[in-house]
file coords-v9.pdb (PDB, C-alpha atoms)
MODEL        1
ATOM      1  CA  MET T   1     -37.003 -13.085-144.209
ATOM      2  CA  ILE T   2     -39.030  -9.889-143.764
ATOM      3  CA  THR T   3     -42.784 -10.081-143.202
ATOM      4  CA  CYS T   4     -45.492  -8.991-145.646
ATOM      5  CA  ASP T   5     -46.163  -5.890-143.505
ATOM      6  CA  GLU T   6     -42.485  -4.968-143.637
ATOM      7  CA  PHE T   7     -42.536  -5.467-147.379
ATOM      8  CA  PHE T   8     -45.631  -3.314-147.657
ATOM      9  CA  ALA T   9     -43.971  -0.517-145.666
ATOM     10  CA  GLU T  10     -41.231  -0.239-148.304
ATOM     11  CA  PHE T  11     -43.422  -1.015-151.276
ATOM     12  CA  GLY T  12     -43.961   2.579-152.457
ATOM     13  CA  ASP T  13     -40.259   3.408-152.447
ATOM     14  CA  TYR T  14     -39.464   0.081-154.116
ATOM     15  CA  LEU T  15     -41.831   0.894-156.987
ATOM     16  CA  GLU T  16     -40.099   4.245-157.383
ATOM     17  CA  ASN T  17     -36.603   2.708-157.212
ATOM     18  CA  ARG T  18     -35.836   4.678-154.081
ATOM     19  CA  VAL T  19     -34.531   1.913-151.826
ATOM     20  CA  SER T  20     -30.947   1.057-150.972
ATOM     21  CA  PRO T  21     -29.353  -2.055-152.508
ATOM     22  CA  GLU T  22     -29.570  -3.788-149.119
ATOM     23  CA  VAL T  23     -33.274  -3.086-148.732
ATOM     24  CA  ARG T  24     -33.877  -4.061-152.361
ATOM     25  CA  HIS T  25     -32.206  -7.410-151.722
ATOM     26  CA  GLU T  26     -34.459  -8.055-148.707
ATOM     27  CA  LEU T  27     -37.583  -7.071-150.622
ATOM     28  CA  GLU T  28     -36.724  -9.221-153.618
ATOM     29  CA  LEU T  29     -35.932 -12.159-151.378
ATOM     30  CA  HIS T  30     -39.411 -11.746-149.911
ATOM     31  CA  LEU T  31     -40.945 -11.492-153.383
ATOM     32  CA  SER T  32     -39.257 -14.707-154.435
ATOM     33  CA  GLN T  33     -40.944 -16.554-151.572
ATOM     34  CA  CYS T  34     -44.318 -14.828-151.158
ATOM     35  CA  ARG T  35     -46.782 -15.364-153.984
ATOM     36  CA  ALA T  36     -49.318 -12.760-152.731
ATOM     37  CA  CYS T  37     -46.751  -9.956-152.503
ATOM     38  CA  TYR T  38     -45.288 -10.959-155.865
ATOM     39  CA  VAL T  39     -48.705 -10.693-157.544
ATOM     40  CA  LEU T  40     -49.391  -7.391-155.789
ATOM     41  CA  CYS T  41     -46.067  -5.943-156.866
ATOM     42  CA  ASP T  42     -46.245  -7.258-160.434
ATOM     43  CA  SER T  43     -49.795  -6.016-161.016
ATOM     44  CA  THR T  44     -49.092  -2.615-159.474
ATOM     45  CA  ARG T  45     -46.062  -2.167-161.722
ATOM     46  CA  LYS T  46     -48.239  -3.097-164.693
ATOM     47  CA  THR T  47     -50.897  -0.652-163.510
ATOM     48  CA  VAL T  48     -48.372   2.188-163.455
ATOM     49  CA  LYS T  49     -47.118   1.269-166.926
ATOM     50  CA  ILE T  50     -50.628   1.034-168.365
ATOM     51  CA  VAL T  51     -51.571   4.396-166.859
ATOM     52  CA  THR T  52     -48.362   6.069-168.004
ATOM     53  CA  ASP T  53     -48.694   4.705-171.547
ATOM     54  CA  SER T  54     -52.408   5.326-171.825
ATOM     55  CA  THR T  55     -52.308   8.931-173.125
ATOM     56  CA  SER T  56     -55.284   9.574-170.893
ATOM     57  CA  PHE T  57     -56.720  13.022-170.366
ATOM     58  CA  GLU T  58     -55.299  14.367-173.592
ATOM     59  CA  LEU T  59     -56.650  17.737-174.567
ATOM     60  CA  PRO T  60     -58.050  17.464-178.107
ATOM     61  CA  PRO T  61     -57.032  20.298-180.458
ATOM     62  CA  ASP T  62     -60.695  21.014-181.176
ATOM     63  CA  VAL T  63     -61.052  21.854-177.492
ATOM     64  CA  ALA T  64     -57.729  23.625-176.963
ATOM     65  CA  ASP T  65     -57.805  25.859-180.024
ATOM     66  CA  PRO T  66     -61.109  27.632-179.284
ATOM     67  CA  ILE T  67     -59.977  28.280-175.700
ATOM     68  CA  VAL T  68     -56.699  29.800-176.862
ATOM     69  CA  ASP T  69     -58.563  31.801-179.526
ATOM     70  CA  ARG T  70     -60.930  33.234-176.919
ATOM     71  CA  VAL T  71     -58.029  34.091-174.632
ATOM     72  CA  MET T  72     -56.136  35.882-177.406
ATOM     73  CA  GLU T  73     -59.270  37.743-178.435
ATOM     74  CA  LYS T  74     -59.743  39.036-174.895
ATOM     75  CA  ILE T  75     -56.089  39.978-174.648
ATOM     76  CA  ARG T  76     -56.188  41.922-177.919
ATOM     77  CA  LYS T  77     -59.190  43.855-176.633
ATOM     78  CA  GLN T  78     -57.211  44.830-173.547
ATOM     79  CA  ILE T  79     -54.374  46.270-175.622
ATOM     80  CA  PRO T  80     -54.936  49.963-176.462
TER
ATOM     81  CA  VAL C   1      -1.639  39.135-161.619
ATOM     82  CA  GLN C   2      -4.504  39.474-164.092
ATOM     83  CA  ILE C   3      -4.991  35.710-164.119
ATOM     84  CA  LEU C   4      -5.063  35.643-160.322
ATOM     85  CA  GLU C   5      -7.573  38.487-160.278
ATOM     86  CA  CYS C   6      -9.731  36.653-162.778
ATOM     87  CA  VAL C   7      -9.694  33.446-160.709
ATOM     88  CA  ALA C   8     -10.489  35.356-157.522
ATOM     89  CA  VAL C   9     -13.432  37.206-159.084
ATOM     90  CA  THR C  10     -14.832  33.998-160.567
ATOM     91  CA  ALA C  11     -14.512  32.208-157.229
ATOM     92  CA  ILE C  12     -16.312  35.009-155.402
ATOM     93  CA  GLY C  13     -19.054  34.962-158.053
ATOM     94  CA  ILE C  14     -19.562  31.222-157.663
ATOM     95  CA  PHE C  15     -19.609  31.578-153.879
ATOM     96  CA  VAL C  16     -22.267  34.309-154.012
ATOM     97  CA  ASP C  17     -24.368  32.304-156.484
ATOM     98  CA  THR C  18     -24.152  29.253-154.248
ATOM     99  CA  LEU C  19     -25.143  31.298-151.228
ATOM    100  CA  GLN C  20     -28.150  32.753-153.031
ATOM    101  CA  ALA C  21     -29.194  29.331-154.252
ATOM    102  CA  GLY C  22     -28.922  27.941-150.743
ATOM    103  CA  LEU C  23     -30.997  30.740-149.287
ATOM    104  CA  GLY C  24     -33.564  30.626-152.053
ATOM    105  CA  VAL C  25     -35.010  33.633-153.773
ATOM    106  CA  VAL C  26     -38.320  35.375-153.823
ATOM    107  CA  PRO C  27     -40.867  33.583-156.036
ATOM    108  CA  ASP C  28     -41.717  35.232-159.313
ATOM    109  CA  PHE C  29     -45.397  35.351-158.742
ATOM    110  CA  GLU C  30     -47.536  35.888-155.685
ATOM    111  CA  PRO C  31     -50.369  33.387-156.064
ATOM    112  CA  PRO C  32     -53.757  35.086-155.888
ATOM    113  CA  SER C  33     -55.192  32.551-153.454
ATOM    114  CA  ALA C  34     -53.962  31.920-149.954
ATOM    115  CA  PHE C  35     -53.253  28.504-148.483
ATOM    116  CA  THR C  36     -51.217  27.445-145.542
ATOM    117  CA  GLU C  37     -48.046  25.731-146.577
ATOM    118  CA  LYS C  38     -48.988  22.259-145.394
ATOM    119  CA  LYS C  39     -52.692  22.341-146.112
ATOM    120  CA  ALA C  40     -54.534  22.298-149.367
ATOM    121  CA  HIS C  41     -58.232  21.558-149.474
ATOM    122  CA  LEU C  42     -60.011  19.892-152.285
ATOM    123  CA  LEU C  43     -63.582  20.574-151.423
ATOM    124  CA  SER C  44     -66.249  20.773-148.693
ATOM    125  CA  GLY C  45     -67.720  20.325-145.387
ATOM    126  CA  GLY C  46     -67.074  23.872-144.323
ATOM    127  CA  ALA C  47     -63.398  23.268-143.650
ATOM    128  CA  ARG C  48     -61.724  25.872-145.837
ATOM    129  CA  PRO C  49     -58.162  26.843-146.349
ATOM    130  CA  SER C  50     -57.178  29.589-143.986
ATOM    131  CA  GLU C  51     -57.094  33.050-145.490
ATOM    132  CA  GLY C  52     -54.139  35.298-145.193
ATOM    133  CA  GLY C  53     -51.443  32.648-145.019
ATOM    134  CA  LEU C  54     -48.524  32.360-147.369
ATOM    135  CA  GLY C  55     -49.174  30.868-150.759
ATOM    136  CA  VAL C  56     -48.026  27.338-151.459
ATOM    137  CA  PRO C  57     -44.448  27.852-152.596
ATOM    138  CA  LEU C  58     -43.822  27.697-156.278
ATOM    139  CA  LEU C  59     -41.610  24.866-157.458
ATOM    140  CA  PRO C  60     -37.989  25.702-158.238
ATOM    141  CA  VAL C  61     -37.009  29.213-157.188
ATOM    142  CA  ILE C  62     -33.448  29.075-158.464
ATOM    143  CA  ALA C  63     -32.633  30.444-161.902
ATOM    144  CA  VAL C  64     -33.080  27.625-164.425
ATOM    145  CA  GLU C  65     -32.622  26.919-168.102
ATOM    146  CA  ASP C  66     -35.998  27.398-169.702
ATOM    147  CA  PRO C  67     -36.868  26.557-173.320
ATOM    148  CA  ASP C  68     -39.626  29.177-173.116
ATOM    149  CA  ALA C  69     -37.340  32.004-172.015
ATOM    150  CA  GLY C  70     -37.057  33.566-175.471
ATOM    151  CA  LEU C  71     -40.789  33.667-176.104
ATOM    152  CA  VAL C  72     -41.466  34.936-172.598
ATOM    153  CA  ALA C  73     -39.009  37.785-173.160
ATOM    154  CA  GLU C  74     -40.736  38.680-176.412
ATOM    155  CA  VAL C  75     -44.144  38.834-174.744
ATOM    156  CA  GLN C  76     -42.706  40.899-171.920
ATOM    157  CA  GLY C  77     -41.222  43.183-174.548
ATOM    158  CA  GLY C  78     -44.657  43.892-175.962
ATOM    159  CA  ARG C  79     -45.081  41.237-178.670
ATOM    160  CA  VAL C  80     -48.471  40.109-177.453
ATOM    161  CA  GLU C  81     -49.126  37.753-180.371
ATOM    162  CA  VAL C  82     -46.207  35.560-179.278
ATOM    163  CA  PHE C  83     -48.214  34.677-176.168
ATOM    164  CA  GLU C  84     -50.394  32.445-178.352
ATOM    165  CA  GLU C  85     -47.444  30.263-179.364
ATOM    166  CA  LEU C  86     -46.206  30.237-175.790
ATOM    167  CA  ILE C  87     -49.438  28.958-174.279
ATOM    168  CA  HIS C  88     -50.049  26.434-177.064
ATOM    169  CA  ARG C  89     -46.941  24.630-175.762
ATOM    170  CA  HIS C  90     -48.519  24.103-172.359
ATOM    171  CA  THR C  91     -52.252  23.610-172.847
ATOM    172  CA  ARG C  92     -52.048  19.855-172.228
ATOM    173  CA  CYS C  93     -50.183  20.221-168.947
ATOM    174  CA  ILE C  94     -52.562  22.916-167.742
ATOM    175  CA  TYR C  95     -55.574  20.834-168.746
ATOM    176  CA  ARG C  96     -54.316  17.782-166.876
ATOM    177  CA  THR C  97     -53.497  19.765-163.757
ATOM    178  CA  LEU C  98     -56.933  21.330-163.737
ATOM    179  CA  MET C  99     -58.679  18.015-164.467
ATOM    180  CA  ALA C 100     -56.697  16.321-161.711
ATOM    181  CA  ILE C 101     -58.057  18.783-159.184
ATOM    182  CA  LEU C 102     -61.483  19.632-160.562
ATOM    183  CA  ALA C 103     -62.451  16.285-162.190
ATOM    184  CA  ASP C 104     -64.982  18.102-164.347
ATOM    185  CA  PRO C 105     -64.248  18.562-168.069
ATOM    186  CA  GLU C 106     -66.564  21.540-168.535
ATOM    187  CA  GLU C 107     -65.345  23.428-165.493
ATOM    188  CA  THR C 108     -61.798  22.583-166.505
ATOM    189  CA  LYS C 109     -62.281  24.405-169.814
ATOM    190  CA  ASP C 110     -63.498  27.530-168.009
ATOM    191  CA  ALA C 111     -60.643  27.283-165.518
ATOM    192  CA  MET C 112     -58.184  26.919-168.362
ATOM    193  CA  GLN C 113     -59.292  30.172-169.922
ATOM    194  CA  GLU C 114     -59.075  31.836-166.508
ATOM    195  CA  THR C 115     -55.576  30.432-165.986
ATOM    196  CA  LEU C 116     -54.280  31.690-169.330
ATOM    197  CA  LEU C 117     -55.728  35.160-168.846
ATOM    198  CA  SER C 118     -54.225  35.323-165.372
ATOM    199  CA  ALA C 119     -50.864  34.253-166.789
ATOM    200  CA  PHE C 120     -50.948  37.034-169.349
ATOM    201  CA  LYS C 121     -51.924  39.555-166.690
ATOM    202  CA  HIS C 122     -48.957  38.625-164.517
ATOM    203  CA  ILE C 123     -46.326  37.708-167.089
ATOM    204  CA  GLY C 124     -44.660  41.095-166.686
ATOM    205  CA  GLY C 125     -43.671  40.091-163.172
ATOM    206  CA  PHE C 126     -42.233  36.715-164.205
ATOM    207  CA  LYS C 127     -38.466  36.894-163.726
ATOM    208  CA  GLY C 128     -37.405  33.409-164.837
ATOM    209  CA  ARG C 129     -36.443  32.102-161.430
ATOM    210  CA  SER C 130     -38.614  29.075-162.122
ATOM    211  CA  LYS C 131     -39.445  27.510-165.457
ATOM    212  CA  PHE C 132     -42.304  29.237-167.212
ATOM    213  CA  SER C 133     -44.172  25.899-167.343
ATOM    214  CA  THR C 134     -43.841  25.523-163.560
ATOM    215  CA  TRP C 135     -45.093  29.042-163.026
ATOM    216  CA  LEU C 136     -48.032  28.380-165.350
ATOM    217  CA  VAL C 137     -48.967  25.145-163.566
ATOM    218  CA  SER C 138     -48.902  26.941-160.218
ATOM    219  CA  ILE C 139     -51.406  29.462-161.583
ATOM    220  CA  ALA C 140     -53.573  26.573-162.820
ATOM    221  CA  ARG C 141     -53.414  24.991-159.372
ATOM    222  CA  ASN C 142     -54.452  28.200-157.647
ATOM    223  CA  THR C 143     -57.269  28.714-160.117
ATOM    224  CA  ALA C 144     -58.537  25.177-159.497
ATOM    225  CA  PHE C 145     -58.273  25.488-155.713
ATOM    226  CA  GLN C 146     -60.191  28.773-155.779
ATOM    227  CA  ARG C 147     -62.958  27.103-157.751
ATOM    228  CA  LEU C 148     -63.047  24.146-155.366
ATOM    229  CA  ARG C 149     -63.520  26.447-152.426
ATOM    230  CA  GLN C 150     -66.669  27.738-154.064
ATOM    231  CA  ARG C 151     -68.159  24.257-154.227
ATOM    232  CA  LYS C 152     -70.465  23.098-151.441
ATOM    233  CA  ASN C 153     -69.328  19.534-150.903
ATOM    234  CA  VAL C 154     -65.613  19.513-150.422
ATOM    235  CA  GLU C 155     -63.289  16.651-149.625
ATOM    236  CA  SER C 156     -60.198  17.549-147.683
ATOM    237  CA  LEU C 157     -56.644  17.315-148.968
ATOM    238  CA  ASP C 158     -55.278  17.979-145.503
ATOM    239  CA  GLU C 159     -52.639  15.875-143.851
ATOM    240  CA  ASP C 160     -55.051  15.105-141.066
ATOM    241  CA  GLY C 161     -54.334  11.433-140.576
ATOM    242  CA  SER C 162     -57.532  10.413-142.343
ATOM    243  CA  ASP C 163     -55.458   8.390-144.794
ATOM    244  CA  ARG C 164     -55.488   5.630-142.209
ATOM    245  CA  ASN C 165     -59.187   5.087-142.727
ATOM    246  CA  GLU C 166     -59.139   4.777-146.490
ATOM    247  CA  ASP C 167     -59.882   1.386-147.947
ATOM    248  CA  PHE C 168     -56.704   0.838-149.910
ATOM    249  CA  ARG C 169     -55.777  -2.672-148.788
ATOM    250  CA  PRO C 170     -55.579  -5.017-151.774
ATOM    251  CA  ARG C 171     -58.435  -7.473-152.124
ATOM    252  CA  GLN C 172     -57.857  -8.686-155.666
ATOM    253  CA  VAL C 173     -54.762 -10.888-155.685
ATOM    254  CA  ARG C 174     -55.228 -12.767-158.954
ATOM    255  CA  ALA C 175     -52.208 -12.614-161.214
ATOM    256  CA  TRP C 176     -52.281 -10.257-164.176
ATOM    257  CA  GLN C 177     -51.587 -11.254-167.751
ATOM    258  CA  ASP C 178     -47.957 -11.108-168.844
ATOM    259  CA  ASP C 179     -48.719  -8.450-171.423
ATOM    260  CA  PRO C 180     -52.001  -6.927-170.245
ATOM    261  CA  GLU C 181     -51.964  -4.048-172.721
ATOM    262  CA  GLN C 182     -52.488  -6.529-175.562
ATOM    263  CA  LEU C 183     -55.920  -7.400-174.190
ATOM    264  CA  HIS C 184     -57.571  -4.154-175.258
ATOM    265  CA  SER C 185     -57.270  -1.490-177.900
ATOM    266  CA  LYS C 186     -55.514   1.781-177.028
ATOM    267  CA  GLU C 187     -58.827   3.585-176.958
ATOM    268  CA  GLU C 188     -60.348   0.984-174.641
ATOM    269  CA  ILE C 189     -57.373   1.238-172.310
ATOM    270  CA  ARG C 190     -57.609   5.023-172.280
ATOM    271  CA  GLN C 191     -61.265   4.780-171.264
ATOM    272  CA  ILE C 192     -60.568   2.120-168.618
ATOM    273  CA  VAL C 193     -57.785   4.256-167.117
ATOM    274  CA  GLU C 194     -59.776   7.489-167.167
ATOM    275  CA  ARG C 195     -62.783   5.817-165.496
ATOM    276  CA  GLY C 196     -60.501   4.224-162.908
ATOM    277  CA  ILE C 197     -58.744   7.462-162.056
ATOM    278  CA  MET C 198     -61.942   9.490-161.886
ATOM    279  CA  GLY C 199     -63.287   6.885-159.457
ATOM    280  CA  LEU C 200     -60.477   7.497-156.954
ATOM    281  CA  PRO C 201     -61.004   9.719-153.911
ATOM    282  CA  ALA C 202     -59.876  13.263-154.773
ATOM    283  CA  LYS C 203     -56.713  13.318-152.683
ATOM    284  CA  TYR C 204     -55.408  10.150-154.351
ATOM    285  CA  ARG C 205     -56.654  11.071-157.810
ATOM    286  CA  VAL C 206     -54.705  14.327-157.848
ATOM    287  CA  VAL C 207     -51.430  12.698-156.852
ATOM    288  CA  VAL C 208     -51.779   9.759-159.265
ATOM    289  CA  MET C 209     -52.660  12.050-162.157
ATOM    290  CA  LEU C 210     -49.807  14.447-161.597
ATOM    291  CA  ARG C 211     -47.266  11.672-161.005
ATOM    292  CA  ASP C 212     -48.326   8.926-163.437
ATOM    293  CA  ILE C 213     -50.223  10.801-166.153
ATOM    294  CA  GLU C 214     -48.374  14.122-166.189
ATOM    295  CA  GLN C 215     -45.221  12.382-164.920
ATOM    296  CA  LEU C 216     -44.063  15.118-162.598
ATOM    297  CA  PRO C 217     -41.394  14.078-160.057
ATOM    298  CA  THR C 218     -42.864  13.167-156.668
ATOM    299  CA  ASP C 219     -41.098  16.094-154.993
ATOM    300  CA  ASP C 220     -42.666  18.520-157.470
ATOM    301  CA  VAL C 221     -46.112  17.002-156.914
ATOM    302  CA  ALA C 222     -45.642  17.523-153.167
ATOM    303  CA  LYS C 223     -44.665  21.166-153.619
ATOM    304  CA  LEU C 224     -47.412  21.805-156.106
ATOM    305  CA  LEU C 225     -50.068  20.471-153.728
ATOM    306  CA  GLY C 226     -48.546  21.928-150.568
ATOM    307  CA  LEU C 227     -48.087  18.453-149.071
ATOM    308  CA  SER C 228     -45.078  16.926-147.376
ATOM    309  CA  VAL C 229     -43.074  14.465-149.488
ATOM    310  CA  PRO C 230     -43.893  11.510-147.148
ATOM    311  CA  ALA C 231     -47.627  12.270-147.358
ATOM    312  CA  THR C 232     -47.391  12.521-151.129
ATOM    313  CA  LYS C 233     -45.579   9.188-151.348
ATOM    314  CA  THR C 234     -48.166   7.549-149.107
ATOM    315  CA  ARG C 235     -51.009   8.856-151.230
ATOM    316  CA  LEU C 236     -49.258   7.822-154.402
ATOM    317  CA  VAL C 237     -48.817   4.203-153.384
ATOM    318  CA  ARG C 238     -52.340   3.978-152.001
ATOM    319  CA  GLY C 239     -53.793   5.633-155.079
ATOM    320  CA  ARG C 240     -51.888   3.222-157.298
ATOM    321  CA  LEU C 241     -53.138   0.254-155.261
ATOM    322  CA  MET C 242     -56.725   1.484-155.483
ATOM    323  CA  LEU C 243     -56.331   1.987-159.198
ATOM    324  CA  ARG C 244     -54.827  -1.492-159.553
ATOM    325  CA  GLU C 245     -57.916  -2.846-157.816
ATOM    326  CA  ALA C 246     -60.213  -0.920-160.152
ATOM    327  CA  LEU C 247     -58.343  -2.069-163.261
ATOM    328  CA  SER C 248     -57.872  -5.695-162.193
ATOM    329  CA  ARG C 249     -60.944  -7.178-163.821
ATOM    330  CA  HIS C 250     -59.746  -5.949-167.197
ATOM    331  CA  PHE C 251     -56.232  -7.335-166.978
ATOM    332  CA  THR C 252     -56.084 -10.437-164.768
ATOM    333  CA  VAL C 253     -55.376 -13.873-166.179
ATOM    334  CA  GLY C 254     -58.643 -15.012-167.716
ATOM    335  CA  ALA C 255     -59.987 -11.485-168.176
ATOM    336  CA  GLU C 256     -62.097 -11.192-171.295
ATOM    337  CA  LYS C 257     -60.845  -9.210-174.225
ATOM    338  CA  ALA C 258     -62.460  -5.832-174.836
ATOM    339  CA  GLY C 259     -64.079  -5.779-171.407
ATOM    340  CA  ALA C 260     -64.224  -1.986-171.348
TER
ENDMDL
END

call {"tool": "encode", "arguments": {"input": "coords-v9.pdb", "output": "C-alpha cells"}}
result
Amino acid sequence: MITCDEFFAEFGDYLENRVSPEVRHELELHLSQCRACYVLCDSTRKTVKIVTDSTSFELPPDVADPIVDRVMEKIRKQIP
Amino acid sequence: VQILECVAVTAIGIFVDTLQAGLGVVPDFEPPSAFTEKKAHLLSGGARPSEGGLGVPLLPVIAVEDPDAGLVAEVQGGRVEVFEELIHRHTRCIYRTLMAILADPEETKDAMQETLLSAFKHIGGFKGRSKFSTWLVSIARNTAFQRLRQRKNVESLDEDGSDRNEDFRPRQVRAWQDDPEQLHSKEEIRQIVERGIMGLPAKYRVVVMLRDIEQLPTDDVAKLLGLSVPATKTRLVRGRLMLREALSRHFTVGAEKAGA
C-alpha cells in the first residue's frame, strides 16, 4: 500500500478527478485503510462543495447598478 | 470535377485553420500593465513586476463561439447604449476577480468602474479571438494588479519556492458531519466562507476564489494569473487545505449549530 506522503502527493489531482484509474485504485485502497487520510480527503471534498455552493462574494444589485450607471454616464459624456 | 474541387478547397481551408490554431494568433488586446509571463506580484516589499515585459497572455486566442458576440458587434458599430446590457452580464465575474486579488470591497468598486471604462475604451480593438468575458476578466486582472503595485506592503505571487514554507499541513483531523451544510443557514455559511477565504494568504486566496467561487478551469486560472499549471495546482490544494482548517470548527462532528 502507498504511504500517506505518497497519497498526499496525488491528493490535489485526486480531488480534481485528474488521476489515472490505476492511481485512483491505489489512492482509494489507501483511503480504505488510513483513517487520517480518509478524514482529510472527506473534509476537503466537503469544504470545496460548501465553498462552491455558498454563493459567496455575490455583487448585490444595489452595488452593481450605481457603478454601471456611473460608467454609462461617463461614456455618454465622451460621445460627441 | 466540381465536387472534387469543392472537397479540395474545403480540405485546404481546414488545414490552414488548423495551422493557425496551432500557431496561435495575436491577442485582441494589449494589456496596459506589463508583467513577465511567469511572475505576477500581489503586493509589497519593493519587489515589483518588471516593466517592459510582455503582458500575461490572454486566455483562449483561437476564434470561439461567444454569446456576447452580437452585442459586442452592436457596440463596435456605434450603439453605445448596448454596452450597458453587455456589461451587466459580467459584473459578478468582474467583481469576484477584483475581490480575489484586491480583497477590499471599497477598492474593488473603484477598480470595477475603472475596468468597465477601460473595456469601453478598447472595445473597438476586440476582434473576438477570445470570449468577450475572458477579455473583460483580463482587463479586470490588469486593473487589480496595477492597483496592488501602488500599495506599500505587497505579498508576492511569484513562483519563488516560498510555497514550501507555508503552514498548510493539516492539524485538524476530526471527522466532519455527514451533511455539514445542514448545520448552518445559507447566510451563515456565506459569512463563514467569506471570512475563511479572506483569511488566506493572498496567493492562495486568489487561486481558491477563481477556481472554487468563480469556478474557472484550473488551466484558465493559471493563465489568468501568469502562473504555471503545476504551481496553480499546488496553490489550489494548499489553499483548500488551509480553508478546510479554517472552516473545521463549524462543521466537524459535535460542532455547535449556528457557530458563525

call {"tool": "resolve_selection", "arguments": {"input": "coords-v9.pdb", "expression": "the ChimeraX specification (/T :<8) & /C", "output": "PyMOL selection string"}}
result
chain C and resi 80-81+84+87-88+91-92+95-96+99+109+112-113+116-117+120+170+173-176+180-181+186+189-191+193-194+212-213+215+233-234+236-237+240-241+243-244+247

call {"tool": "atom_distance", "arguments": {"input": "coords-v9.pdb", "atom1": "CA of Ala111 (chain C)", "atom2": "CA of Ile139 (chain C)"}}
result
10.3 Å

call {"tool": "atom_distance", "arguments": {"input": "coords-v9.pdb", "atom1": "CA of Gln177 (chain C)", "atom2": "CA of Met242 (chain C)"}}
result
18.4 Å

call {"tool": "resolve_selection", "arguments": {"input": "coords-v9.pdb", "expression": "the PyMOL selection byres ((chain T and resi 26) around 12)", "output": "list in words"}}
result
Met1, Ile2, Thr3, Cys4, Glu6, Phe7, Glu10, Phe11, Tyr14, Val19, Ser20, Pro21, Glu22, Val23, Arg24, His25, Leu27, Glu28, Leu29, His30, Leu31, Ser32 and Gln33 of chain T

call {"tool": "closest_residue", "arguments": {"input": "coords-v9.pdb", "among": "C:His90, C:Arg205, C:Arg211, C:Arg249", "to": "Lys131 (chain C)", "atoms": "only C-alpha atoms"}}
result
C:His90

call {"tool": "atom_distance", "arguments": {"input": "coords-v9.pdb", "atom1": "CA of Glu85 (chain C)", "atom2": "CA of Asp220 (chain C)"}}
result
25.3 Å

call {"tool": "closest_residue", "arguments": {"input": "coords-v9.pdb", "among": "C:Asp178, C:Phe126, C:Glu74, C:Asp66", "to": "Val253 (chain C)", "atoms": "all atoms listed in the file"}}
result
C:Asp178
